[in-house]
$ cat query.txt   # compact mmCIF, C-alpha atoms and all ligand atoms
# COMPACT_ATOMS: atom_id res chain seq x y z
CA MET B 1 -39.07 18.62 10.20
CA GLU B 2 -37.93 22.15 9.51
CA ILE B 3 -36.61 24.48 12.15
CA TYR B 4 -36.89 28.27 11.88
CA PHE B 5 -34.47 30.56 13.68
CA THR B 6 -34.97 34.21 14.59
CA ASN B 7 -32.32 36.56 13.27
CA LYS B 8 -30.74 36.71 16.72
CA GLY B 9 -30.86 32.93 16.92
CA ILE B 10 -29.03 32.65 13.61
CA LYS B 11 -26.31 35.03 14.82
CA ARG B 12 -25.89 32.95 17.96
CA MET B 13 -25.78 29.78 15.84
CA ASN B 14 -23.10 31.35 13.66
CA LEU B 15 -21.04 32.19 16.72
CA ILE B 16 -21.37 28.64 18.05
CA LEU B 17 -20.43 27.24 14.62
CA LEU B 18 -17.43 29.57 14.47
CA ILE B 19 -16.25 28.37 17.90
CA LEU B 20 -16.76 24.73 16.86
CA PHE B 21 -14.91 25.40 13.59
CA LEU B 22 -11.96 26.99 15.38
CA ALA B 23 -11.86 24.07 17.83
CA ALA B 24 -11.87 21.61 14.91
CA CYS B 25 -9.03 23.52 13.20
CA LYS B 26 -6.88 23.10 16.27
CA SER B 27 -7.39 19.35 16.28
CA PRO B 28 -5.15 17.39 16.48
CA SER B 29 -3.66 19.69 19.06
CA PRO B 30 0.13 20.01 19.00
CA SER B 31 0.07 20.34 22.79
CA LYS B 32 -0.95 16.66 22.91
CA GLY B 33 2.19 15.85 20.95
CA LEU B 34 0.22 14.82 17.87
CA VAL B 35 1.74 15.31 14.43
CA THR B 36 0.11 18.20 12.53
CA ALA B 37 -1.38 17.92 9.03
CA GLU B 38 1.55 19.90 7.56
CA GLU B 39 4.16 17.77 9.38
CA PHE B 40 2.42 14.66 8.11
CA LYS B 41 2.48 15.95 4.54
CA GLN B 42 6.22 16.58 4.76
CA LEU B 43 6.99 13.19 6.34
CA PRO B 44 8.91 11.07 3.78
CA LYS B 45 6.64 8.30 2.48
CA ILE B 46 7.30 5.13 0.51
CA ASP B 47 4.20 3.30 -0.67
CA VAL B 48 5.47 -0.29 -1.12
CA HIS B 49 2.26 -1.48 -2.81
CA ALA B 50 1.00 0.69 -5.68
CA HIS B 51 -0.33 0.04 -9.18
CA TYR B 52 0.29 3.26 -11.13
CA LYS B 53 0.42 1.40 -14.41
CA TYR B 54 0.07 4.55 -16.55
CA PRO B 55 1.41 8.08 -16.10
CA ARG B 56 -0.84 11.00 -15.19
CA THR B 57 -0.15 14.68 -15.72
CA TYR B 58 -1.00 15.40 -12.05
CA LEU B 59 0.82 12.46 -10.48
CA ILE B 60 4.42 13.59 -9.98
CA ASP B 61 3.30 16.94 -8.61
CA PHE B 62 1.06 15.02 -6.20
CA PHE B 63 3.98 12.77 -5.21
CA ASN B 64 6.22 15.77 -4.57
CA ARG B 65 3.60 17.60 -2.50
CA TRP B 66 3.13 14.54 -0.25
CA ASN B 67 6.87 13.74 -0.18
CA LEU B 68 6.04 10.36 -1.64
CA LYS B 69 7.70 7.52 -3.58
CA ALA B 70 5.99 4.31 -4.65
CA MET B 71 6.76 0.75 -5.61
CA LEU B 72 5.03 -0.03 -8.92
CA VAL B 73 3.79 -3.58 -8.49
CA ASP B 74 2.99 -5.80 -11.47
CA VAL B 75 0.14 -8.29 -10.98
CA ALA B 76 -0.36 -11.47 -13.01
CA ILE B 77 -4.08 -11.95 -13.60
CA GLU B 78 -4.78 -15.57 -14.42
CA ASN B 79 -8.00 -16.61 -16.06
CA GLU B 80 -8.73 -19.99 -17.62
CA GLY B 81 -5.15 -20.72 -18.58
CA THR B 82 -4.17 -17.26 -19.79
CA VAL B 83 -1.89 -15.03 -17.77
CA VAL B 84 -2.07 -11.27 -18.32
CA ARG B 85 0.82 -9.16 -17.06
CA ASN B 86 1.63 -5.45 -17.36
CA PHE B 87 5.30 -5.45 -16.43
CA ASP B 88 6.34 -3.46 -19.52
CA ASN B 89 3.92 -0.63 -18.66
CA TYR B 90 5.15 -0.46 -15.07
CA ALA B 91 8.81 -0.62 -16.17
CA ALA B 92 8.27 2.18 -18.70
CA HIS B 93 6.56 4.34 -16.05
CA GLN B 94 9.36 3.69 -13.56
CA LYS B 95 12.01 4.66 -16.15
CA LEU B 96 10.16 7.89 -16.84
CA HIS B 97 10.36 8.94 -13.15
CA PRO B 98 13.10 6.95 -11.40
CA GLU B 99 13.17 9.56 -8.62
CA SER B 100 9.54 8.73 -7.70
CA PHE B 101 9.18 5.02 -8.42
CA TYR B 102 10.64 1.62 -7.61
CA LEU B 103 9.72 -1.49 -9.61
CA CYS B 104 8.29 -4.87 -8.57
CA THR B 105 7.76 -7.87 -10.85
CA THR B 106 5.70 -11.03 -10.42
CA PHE B 107 5.29 -14.66 -11.55
CA THR B 108 2.67 -17.40 -11.36
CA ALA B 109 2.58 -21.18 -11.02
CA ASP B 110 1.31 -21.52 -14.58
CA GLY B 111 3.22 -24.46 -16.13
CA ILE B 112 4.50 -25.75 -12.78
CA GLU B 113 4.22 -29.36 -14.01
CA GLU B 114 6.77 -28.75 -16.76
CA ALA B 115 10.31 -29.90 -15.94
CA ASP B 116 11.90 -26.55 -16.78
CA TYR B 117 9.31 -24.45 -14.86
CA ALA B 118 11.63 -23.06 -12.15
CA GLU B 119 14.42 -22.47 -14.66
CA ARG B 120 12.04 -20.55 -16.92
CA ILE B 121 10.70 -18.39 -14.07
CA ILE B 122 14.22 -17.62 -12.83
CA ALA B 123 15.24 -16.56 -16.36
CA GLN B 124 12.21 -14.25 -16.51
CA LEU B 125 12.99 -12.80 -13.06
CA LYS B 126 16.60 -12.17 -14.09
CA LYS B 127 15.36 -10.21 -17.11
CA ASP B 128 12.95 -8.19 -14.94
CA ILE B 129 15.71 -7.48 -12.39
CA ASP B 130 17.90 -6.22 -15.25
CA GLN B 131 15.00 -3.88 -16.11
CA GLY B 132 15.17 -2.47 -12.56
CA ALA B 133 12.87 -4.72 -10.49
CA ILE B 134 13.92 -4.87 -6.82
CA MET B 135 10.91 -6.76 -5.45
CA VAL B 136 8.73 -9.71 -6.51
CA LYS B 137 5.01 -10.02 -5.82
CA VAL B 138 3.18 -13.31 -5.43
CA TRP B 139 -0.57 -13.01 -5.64
CA LYS B 140 -3.60 -15.01 -4.51
CA ASN B 141 -3.36 -17.02 -7.76
CA PHE B 142 -1.34 -19.27 -5.43
CA GLY B 143 -3.97 -21.04 -3.35
CA MET B 144 -7.12 -19.64 -4.98
CA VAL B 145 -6.71 -19.81 -8.77
CA THR B 146 -3.93 -21.88 -10.36
CA GLN B 147 -4.65 -25.61 -10.60
CA ASP B 148 -2.58 -28.48 -11.93
CA SER B 149 -3.82 -30.88 -14.62
CA GLU B 150 -5.60 -32.93 -11.94
CA GLY B 151 -7.42 -29.91 -10.55
CA ASN B 152 -5.27 -29.50 -7.43
CA TYR B 153 -4.79 -25.88 -6.37
CA ILE B 154 -1.10 -24.93 -6.27
CA GLN B 155 -0.11 -23.62 -2.84
CA ILE B 156 2.72 -21.21 -2.12
CA ASN B 157 4.70 -23.84 -0.17
CA ASP B 158 4.81 -26.22 -3.17
CA ALA B 159 8.32 -27.75 -3.23
CA ARG B 160 8.64 -27.10 -6.97
CA LEU B 161 8.93 -23.38 -6.17
CA ASN B 162 11.98 -23.85 -3.92
CA PRO B 163 14.65 -23.04 -6.57
CA ILE B 164 12.88 -19.70 -7.13
CA TRP B 165 12.99 -18.80 -3.40
CA ASP B 166 16.68 -19.76 -3.32
CA PHE B 167 17.36 -17.50 -6.29
CA LEU B 168 15.55 -14.58 -4.59
CA LYS B 169 17.43 -15.16 -1.32
CA GLU B 170 20.79 -15.14 -3.13
CA ASN B 171 19.86 -11.89 -4.84
CA LYS B 172 18.40 -10.35 -1.66
CA ILE B 173 15.09 -9.67 -3.40
CA THR B 174 12.10 -9.09 -1.09
CA VAL B 175 8.78 -10.86 -1.78
CA LEU B 176 5.49 -8.99 -1.40
CA ALA B 177 3.00 -11.77 -0.68
CA HIS B 178 -0.73 -11.34 -1.13
CA ILE B 179 -1.73 -14.91 -0.30
CA ALA B 180 -5.37 -15.80 0.49
CA ASP B 181 -7.93 -13.03 0.85
CA PRO B 182 -9.81 -11.61 3.83
CA GLU B 183 -11.80 -14.31 5.66
CA GLN B 184 -14.91 -12.58 4.32
CA ALA B 185 -14.22 -14.25 0.93
CA TRP B 186 -15.21 -17.59 2.49
CA ARG B 187 -18.43 -16.23 3.99
CA PRO B 188 -21.76 -15.26 2.42
CA LEU B 189 -22.18 -11.59 1.50
CA LEU B 190 -24.82 -10.54 4.00
CA ASP B 191 -23.76 -7.19 5.38
CA GLU B 192 -23.50 -4.24 3.00
CA ASN B 193 -21.43 -2.43 5.62
CA ASN B 194 -18.71 -5.07 5.55
CA PRO B 195 -15.53 -3.39 4.21
CA HIS B 196 -15.18 -6.13 1.56
CA TYR B 197 -18.81 -6.23 0.41
CA ASN B 198 -18.28 -4.21 -2.78
CA TYR B 199 -15.11 -6.03 -3.78
CA TYR B 200 -16.74 -9.48 -3.76
CA LYS B 201 -19.92 -8.13 -5.28
CA ASN B 202 -17.84 -6.80 -8.19
CA ASN B 203 -15.30 -9.64 -8.32
CA PRO B 204 -17.37 -12.81 -7.73
CA GLN B 205 -14.56 -14.97 -9.15
CA TYR B 206 -12.65 -14.40 -5.88
CA HIS B 207 -15.66 -14.91 -3.60
CA ALA B 208 -14.47 -18.32 -2.38
CA TYR B 209 -17.81 -18.96 -0.68
CA ASN B 210 -19.27 -19.64 -4.15
CA PHE B 211 -16.60 -22.24 -4.97
CA PRO B 212 -16.74 -25.15 -2.53
CA SER B 213 -13.84 -26.86 -4.34
CA MET B 214 -11.51 -23.96 -3.51
CA PRO B 215 -9.25 -24.65 -0.52
CA SER B 216 -10.39 -23.20 2.79
CA TYR B 217 -9.00 -19.96 4.25
CA GLU B 218 -7.23 -21.97 6.95
CA GLU B 219 -5.64 -24.32 4.42
CA ILE B 220 -4.20 -21.46 2.34
CA ILE B 221 -3.03 -19.54 5.41
CA SER B 222 -1.27 -22.59 6.84
CA ALA B 223 0.49 -23.23 3.49
CA ARG B 224 1.54 -19.56 3.56
CA ASP B 225 2.80 -19.84 7.13
CA ALA B 226 4.73 -23.03 6.31
CA TRP B 227 6.37 -21.23 3.36
CA ILE B 228 7.45 -18.30 5.58
CA GLU B 229 8.82 -20.75 8.16
CA ASN B 230 10.67 -22.87 5.57
CA ASN B 231 12.44 -19.81 4.09
CA PRO B 232 13.96 -17.90 7.02
CA GLY B 233 16.48 -16.24 4.67
CA LEU B 234 13.75 -14.81 2.45
CA LYS B 235 12.38 -11.36 3.34
CA ILE B 236 8.60 -11.51 3.06
CA ILE B 237 6.17 -8.61 3.28
CA GLY B 238 2.65 -9.84 4.05
CA ALA B 239 0.49 -7.62 1.80
CA HIS B 240 -2.81 -6.30 3.17
CA ILE B 241 -1.74 -7.11 6.75
CA CYS B 242 -1.20 -10.78 5.88
CA SER B 243 -4.85 -11.26 4.78
CA MET B 244 -5.82 -11.27 8.46
CA ALA B 245 -6.33 -7.55 9.07
CA ASN B 246 -9.58 -8.29 10.93
CA ASN B 247 -7.56 -9.85 13.77
CA VAL B 248 -4.40 -8.02 14.82
CA ASP B 249 -3.70 -10.72 17.44
CA ALA B 250 -3.32 -13.33 14.68
CA VAL B 251 -0.95 -11.00 12.79
CA ALA B 252 1.06 -10.36 15.97
CA ALA B 253 1.42 -14.12 16.50
CA ARG B 254 2.97 -14.47 13.00
CA LEU B 255 5.29 -11.49 13.49
CA ASP B 256 6.46 -13.00 16.79
CA LYS B 257 7.04 -16.38 15.20
CA TYR B 258 8.67 -15.38 11.89
CA PRO B 259 11.51 -12.84 12.06
CA ASN B 260 11.66 -12.71 8.22
CA LEU B 261 8.08 -11.39 8.02
CA SER B 262 6.79 -7.83 8.00
CA VAL B 263 3.38 -6.49 6.97
CA GLU B 264 2.02 -3.87 4.59
CA VAL B 265 -1.20 -2.05 5.47
CA GLY B 266 -2.79 -1.25 2.08
CA ALA B 267 -6.57 -1.26 1.65
CA ARG B 268 -7.36 -2.79 5.04
CA PHE B 269 -8.20 0.19 7.24
CA GLY B 270 -11.85 -0.91 7.23
CA ASP B 271 -10.82 -4.14 8.99
CA LEU B 272 -8.67 -2.24 11.48
CA ALA B 273 -11.48 0.22 12.13
CA MET B 274 -13.75 -2.67 13.23
CA GLN B 275 -11.36 -3.38 16.12
CA ASP B 276 -10.77 -1.34 19.25
CA SER B 277 -8.55 1.64 18.35
CA GLU B 278 -6.46 1.30 21.52
CA LYS B 279 -5.70 -2.30 20.63
CA VAL B 280 -4.83 -1.40 17.01
CA LYS B 281 -2.66 1.48 18.24
CA SER B 282 -0.76 -0.83 20.54
CA PHE B 283 -0.27 -3.28 17.61
CA PHE B 284 1.29 -0.46 15.55
CA GLU B 285 3.49 0.58 18.47
CA THR B 286 4.65 -2.94 19.35
CA TYR B 287 5.49 -3.81 15.73
CA GLN B 288 6.61 -0.34 14.63
CA ASP B 289 9.77 -1.81 13.01
CA ARG B 290 7.83 -4.43 11.01
CA ILE B 291 4.92 -2.46 9.50
CA LEU B 292 5.23 -0.85 6.06
CA PHE B 293 3.07 1.73 4.35
CA GLY B 294 1.19 0.55 1.24
CA THR B 295 -2.00 1.65 -0.49
CA ASP B 296 -2.94 -0.52 -3.48
CA TYR B 297 -3.78 2.74 -5.30
CA GLY B 298 -3.14 2.93 -9.02
CA THR B 299 -4.10 4.02 -12.51
CA GLY B 300 -6.02 1.43 -14.51
CA GLU B 301 -6.10 2.98 -17.98
CA GLU B 302 -4.21 5.50 -20.07
CA GLU B 303 -4.97 9.14 -19.40
CA SER B 304 -6.01 9.61 -23.05
CA GLN B 305 -8.94 7.27 -22.40
CA LEU B 306 -10.31 9.56 -19.68
CA SER B 307 -12.07 12.90 -19.97
CA ALA B 308 -10.48 15.94 -18.34
CA GLU B 309 -13.23 15.80 -15.71
CA GLU B 310 -12.51 12.14 -14.93
CA VAL B 311 -8.81 12.91 -14.51
CA ARG B 312 -9.65 15.81 -12.20
CA GLN B 313 -11.90 13.56 -10.10
CA GLU B 314 -9.23 10.85 -9.94
CA ALA B 315 -6.67 13.39 -8.67
CA GLU B 316 -9.18 14.67 -6.13
CA ARG B 317 -9.92 11.14 -4.87
CA LEU B 318 -6.21 10.46 -4.42
CA GLU B 319 -5.77 13.67 -2.42
CA GLU B 320 -8.81 12.66 -0.34
CA GLN B 321 -7.34 9.20 0.34
CA TYR B 322 -4.13 10.71 1.70
CA LYS B 323 -6.12 13.09 3.89
CA ASN B 324 -7.99 10.03 5.23
CA LEU B 325 -4.69 8.37 6.07
CA PHE B 326 -3.78 11.40 8.13
CA HIS B 327 -7.16 11.38 9.82
CA TYR B 328 -7.03 7.71 10.85
CA LEU B 329 -3.35 7.20 11.62
CA VAL B 330 -2.45 10.60 13.03
CA SER B 331 -5.49 12.24 14.62
CA GLU B 332 -7.48 11.00 17.59
CA ASP B 333 -10.82 12.13 16.14
CA SER B 334 -13.95 10.02 16.12
CA MET B 335 -14.80 9.14 12.51
CA VAL B 336 -16.61 6.84 10.14
CA LEU B 337 -14.06 4.90 8.08
CA ARG B 338 -15.19 2.43 5.42
CA LYS B 339 -18.63 2.48 7.09
CA GLN B 340 -17.15 1.61 10.51
CA ASN B 341 -17.39 3.92 13.54
CA THR B 342 -13.92 4.30 14.93
CA LYS B 343 -11.37 6.67 16.44
CA GLY B 344 -8.03 7.84 15.00
CA LEU B 345 -4.93 6.07 16.29
CA GLY B 346 -2.86 9.18 17.15
CA LEU B 347 0.45 7.53 16.27
CA SER B 348 3.63 9.38 17.26
CA LYS B 349 6.06 10.93 14.81
CA VAL B 350 8.66 8.25 15.64
CA VAL B 351 6.25 5.42 14.80
CA LEU B 352 4.89 7.18 11.69
CA SER B 353 8.40 7.86 10.35
CA LYS B 354 9.31 4.17 10.64
CA ILE B 355 6.11 2.93 9.00
CA PHE B 356 6.05 5.50 6.22
CA SER B 357 9.67 5.16 5.09
CA GLU B 358 12.40 4.20 7.54
CA ASN B 359 11.51 0.50 7.71
CA TYR B 360 11.61 0.12 3.95
CA LEU B 361 14.79 2.20 3.63
CA ARG B 362 16.39 -0.21 6.12
CA TYR B 363 15.26 -3.09 3.88
CA LEU B 364 16.86 -1.41 0.88
CA LYS B 365 20.13 -0.90 2.76
CA GLU B 366 20.19 -4.54 3.80
CA SER B 367 19.65 -5.59 0.16
CA ASN B 368 22.68 -3.71 -1.14
ZN ZN B 401 -2.32 -4.84 -5.08
$ encode --input "query.txt" --output "structure tokens"
Amino acid sequence: MEIYFTNKGIKRMNLILLILFLAACKSPSPSKGLVTAEEFKQLPKIDVHAHYKYPRTYLIDFFNRWNLKAMLVDVAIENEGTVVRNFDNYAAHQKLHPESFYLCTTFTADGIEEADYAERIIAQLKKDIDQGAIMVKVWKNFGMVTQDSEGNYIQINDARLNPIWDFLKENKITVLAHIADPEQAWRPLLDENNPHYNYYKNNPQYHAYNFPSMPSYEEIISARDAWIENNPGLKIIGAHICSMANNVDAVAARLDKYPNLSVEVGARFGDLAMQDSEKVKSFFETYQDRILFGTDYGTGEEESQLSAEEVRQEAERLEEQYKNLFHYLVSEDSMVLRKQNTKGLGLSKVVLSKIFSENYLRYLKESN
């Protein structure tokens, strides 16, 4: 249906639109005590979960404009007995811009049946720490991928890993733990609006629903919880809100139970947006000292492999993502986020400052 306006009608429409526009510009209103877009931009930020594997000409300028630093996190991708890592790329990028980046290494359970496994991993970690690594990531290979020669999946609480945890405790190295995946991985892909639909569509190897021999979500989560409990001296950051972002009550129960645990929020706003915003806001407020900012954003290939237009679009997307962060965490607007209808959390400056940098800076201080 088309609607025709008279000239006068159009003028009136324009006036109404102008009023609406001005009202929108004022939101979030400072009188409500909400942080403004400019204040948010200036707020110091440390992204503890990023994968900027390769430099970009726009990146450091972007980091400076958003007052941002990031942890470059290596991931070990394991596939049919081969392990692919990119630590050297991340280390080189970190060395290029030490004022913008921190460095995080990783390891897998590949070879865990060999007698010198732990010794070998510790030697590798020592080398990576000498290269500047101050954090170690363990990925969902533990629980969902790596199997021993009898086909048993290696869980994160496997006793053969204990010497490695002891080494990390002694060296006050934090572990970023992405163990298990969202519960959706164990369910059929029925709803295109599910925030994880595209990921499992594009990465069927992690869609546990298709692999009945893979341990259940509950089994992996309870191995993870046992590991956190058995290592009270090890600082653990539960990546992606502990793989239970769809249920902040379950996360709260872990934070209450394990003082050595904190959580990182990267790539799970869709799950948060499915829950009541007041409830999510109160989760952020209650655990404001234990929540860390992370994004999972990164650069997958060298800039020379992209066209100028692709680089421009990538930079634009990144800018857009940070604007979305502001919209969800800082404003109280109604919005559609990752296909979910929700409302911004309107977090205070005190809470935002802790989540975006102060909590991780405290971690760093405690490690020195
Ligand atoms: Zn990641």
$ atom_distance --input "query.txt" --atom1 "CA of Val73 in chain B" --atom2 "CA of Met135 in chain B"
8.4 Å
$ closest_atom_pairs --input "query.txt" --of "range 82-201 of chain B" --to "range 45-49 of chain B" --cutoff "10 Å" --atoms "only C-alpha atoms" --output "CSV"
residue,atom,partner,partner_atom,distance
B:Ser100,CA,B:Ile46,CA,9.2
B:Phe101,CA,B:Ile46,CA,9.1
B:Tyr102,CA,B:Val48,CA,8.5
B:Leu103,CA,B:Val48,CA,9.6
B:Cys104,CA,B:His49,CA,9.0
B:Met135,CA,B:Val48,CA,9.5
B:Lys137,CA,B:His49,CA,9.5
B:Leu176,CA,B:His49,CA,8.3
$ residues_near_ligand --input "query.txt" --ligand "ligand ZN 401 (chain B)" --cutoff "8 Å" --atoms "all atoms listed in the file" --output "list of chain:residue names"
B:His49, B:Ala50, B:His51, B:Val73, B:Val75, B:His178, B:Ala239, B:Thr295, B:Asp296, B:Tyr297
$ closest_residue --input "query.txt" --among "B:Leu59, B:Ala267, B:Phe326, B:Leu337" --to "Leu43 in chain B" --atoms "all atoms listed in the file"
B:Phe326
$ closest_residue --input "query.txt" --among "B:Glu39, B:Asp88, B:Glu183, B:Asp61" --to "Asp74 in chain B" --atoms "all atoms listed in the file"
B:Asp88
$ atom_distance --input "query.txt" --atom1 "CA of Leu161 in chain B" --atom2 "CA of Arg268 in chain B"
28.5 Å
$ atom_distance --input "query.txt" --atom1 "CA of Ile355 in chain B" --atom2 "CA of Lys343 in chain B"
19.4 Å
$ residues_near_point --input "query.txt" --point "(-19.8, 2.5, 12.3)" --cutoff "12 Å" --atoms "only C-alpha atoms" --output "list in words"
Asn193, Asn194, Pro195, Gly270, Asp271, Ala273, Met274, Gln275, Ser334, Met335, Val336, Leu337, Arg338, Lys339, Gln340, Asn341, Thr342 and Lys343 of chain B
$ residues_around --input "query.txt" --residues "range 91-97 of chain B" --least-positions-apart "4" --cutoff "9 Å" --atoms "only C-alpha atoms" --output "mmCIF file with C-alpha atoms, in the frame of the given file"
data_model
loop_
_atom_site.group_PDB
_atom_site.id
_atom_site.type_symbol
_atom_site.label_atom_id
_atom_site.label_comp_id
_atom_site.auth_asym_id
_atom_site.auth_seq_id
_atom_site.Cartn_x
_atom_site.Cartn_y
_atom_site.Cartn_z
ATOM 1 C CA TYR B 52 0.290 3.260 -11.130
ATOM 2 C CA LYS B 53 0.420 1.400 -14.410
ATOM 3 C CA TYR B 54 0.070 4.550 -16.550
ATOM 4 C CA PRO B 55 1.410 8.080 -16.100
ATOM 5 C CA ILE B 60 4.420 13.590 -9.980
ATOM 6 C CA MET B 71 6.760 0.750 -5.610
ATOM 7 C CA LEU B 72 5.030 -0.030 -8.920
ATOM 8 C CA ASN B 86 1.630 -5.450 -17.360
ATOM 9 C CA PHE B 87 5.300 -5.450 -16.430
ATOM 10 C CA PHE B 101 9.180 5.020 -8.420
ATOM 11 C CA TYR B 102 10.640 1.620 -7.610
ATOM 12 C CA LEU B 103 9.720 -1.490 -9.610
ATOM 13 C CA CYS B 104 8.290 -4.870 -8.570
ATOM 14 C CA ASP B 128 12.950 -8.190 -14.940
ATOM 15 C CA GLN B 131 15.000 -3.880 -16.110
ATOM 16 C CA GLY B 132 15.170 -2.470 -12.560
ATOM 17 C CA ALA B 133 12.870 -4.720 -10.490
#
$ residues_near_point --input "query.txt" --point "(13.7, -13.1, -2.7)" --cutoff "12 Å" --atoms "all atoms listed in the file" --output "tab-separated table (two decimals) with C-alpha atoms, keeping the file's coordinate frame"
chain	number	residue	atom	x	y	z
B	104	CYS	CA	8.29	-4.87	-8.57
B	105	THR	CA	7.76	-7.87	-10.85
B	106	THR	CA	5.70	-11.03	-10.42
B	122	ILE	CA	14.22	-17.62	-12.83
B	125	LEU	CA	12.99	-12.80	-13.06
B	126	LYS	CA	16.60	-12.17	-14.09
B	129	ILE	CA	15.71	-7.48	-12.39
B	133	ALA	CA	12.87	-4.72	-10.49
B	134	ILE	CA	13.92	-4.87	-6.82
B	135	MET	CA	10.91	-6.76	-5.45
B	136	VAL	CA	8.73	-9.71	-6.51
B	137	LYS	CA	5.01	-10.02	-5.82
B	138	VAL	CA	3.18	-13.31	-5.43
B	161	LEU	CA	8.93	-23.38	-6.17
B	162	ASN	CA	11.98	-23.85	-3.92
B	163	PRO	CA	14.65	-23.04	-6.57
B	164	ILE	CA	12.88	-19.70	-7.13
B	165	TRP	CA	12.99	-18.80	-3.40
B	166	ASP	CA	16.68	-19.76	-3.32
B	167	PHE	CA	17.36	-17.50	-6.29
B	168	LEU	CA	15.55	-14.58	-4.59
B	169	LYS	CA	17.43	-15.16	-1.32
B	170	GLU	CA	20.79	-15.14	-3.13
B	171	ASN	CA	19.86	-11.89	-4.84
B	172	LYS	CA	18.40	-10.35	-1.66
B	173	ILE	CA	15.09	-9.67	-3.40
B	174	THR	CA	12.10	-9.09	-1.09
B	175	VAL	CA	8.78	-10.86	-1.78
B	176	LEU	CA	5.49	-8.99	-1.40
B	177	ALA	CA	3.00	-11.77	-0.68
B	228	ILE	CA	7.45	-18.30	5.58
B	231	ASN	CA	12.44	-19.81	4.09
B	232	PRO	CA	13.96	-17.90	7.02
B	233	GLY	CA	16.48	-16.24	4.67
B	234	LEU	CA	13.75	-14.81	2.45
B	235	LYS	CA	12.38	-11.36	3.34
B	236	ILE	CA	8.60	-11.51	3.06
B	237	ILE	CA	6.17	-8.61	3.28
B	260	ASN	CA	11.66	-12.71	8.22
B	367	SER	CA	19.65	-5.59	0.16
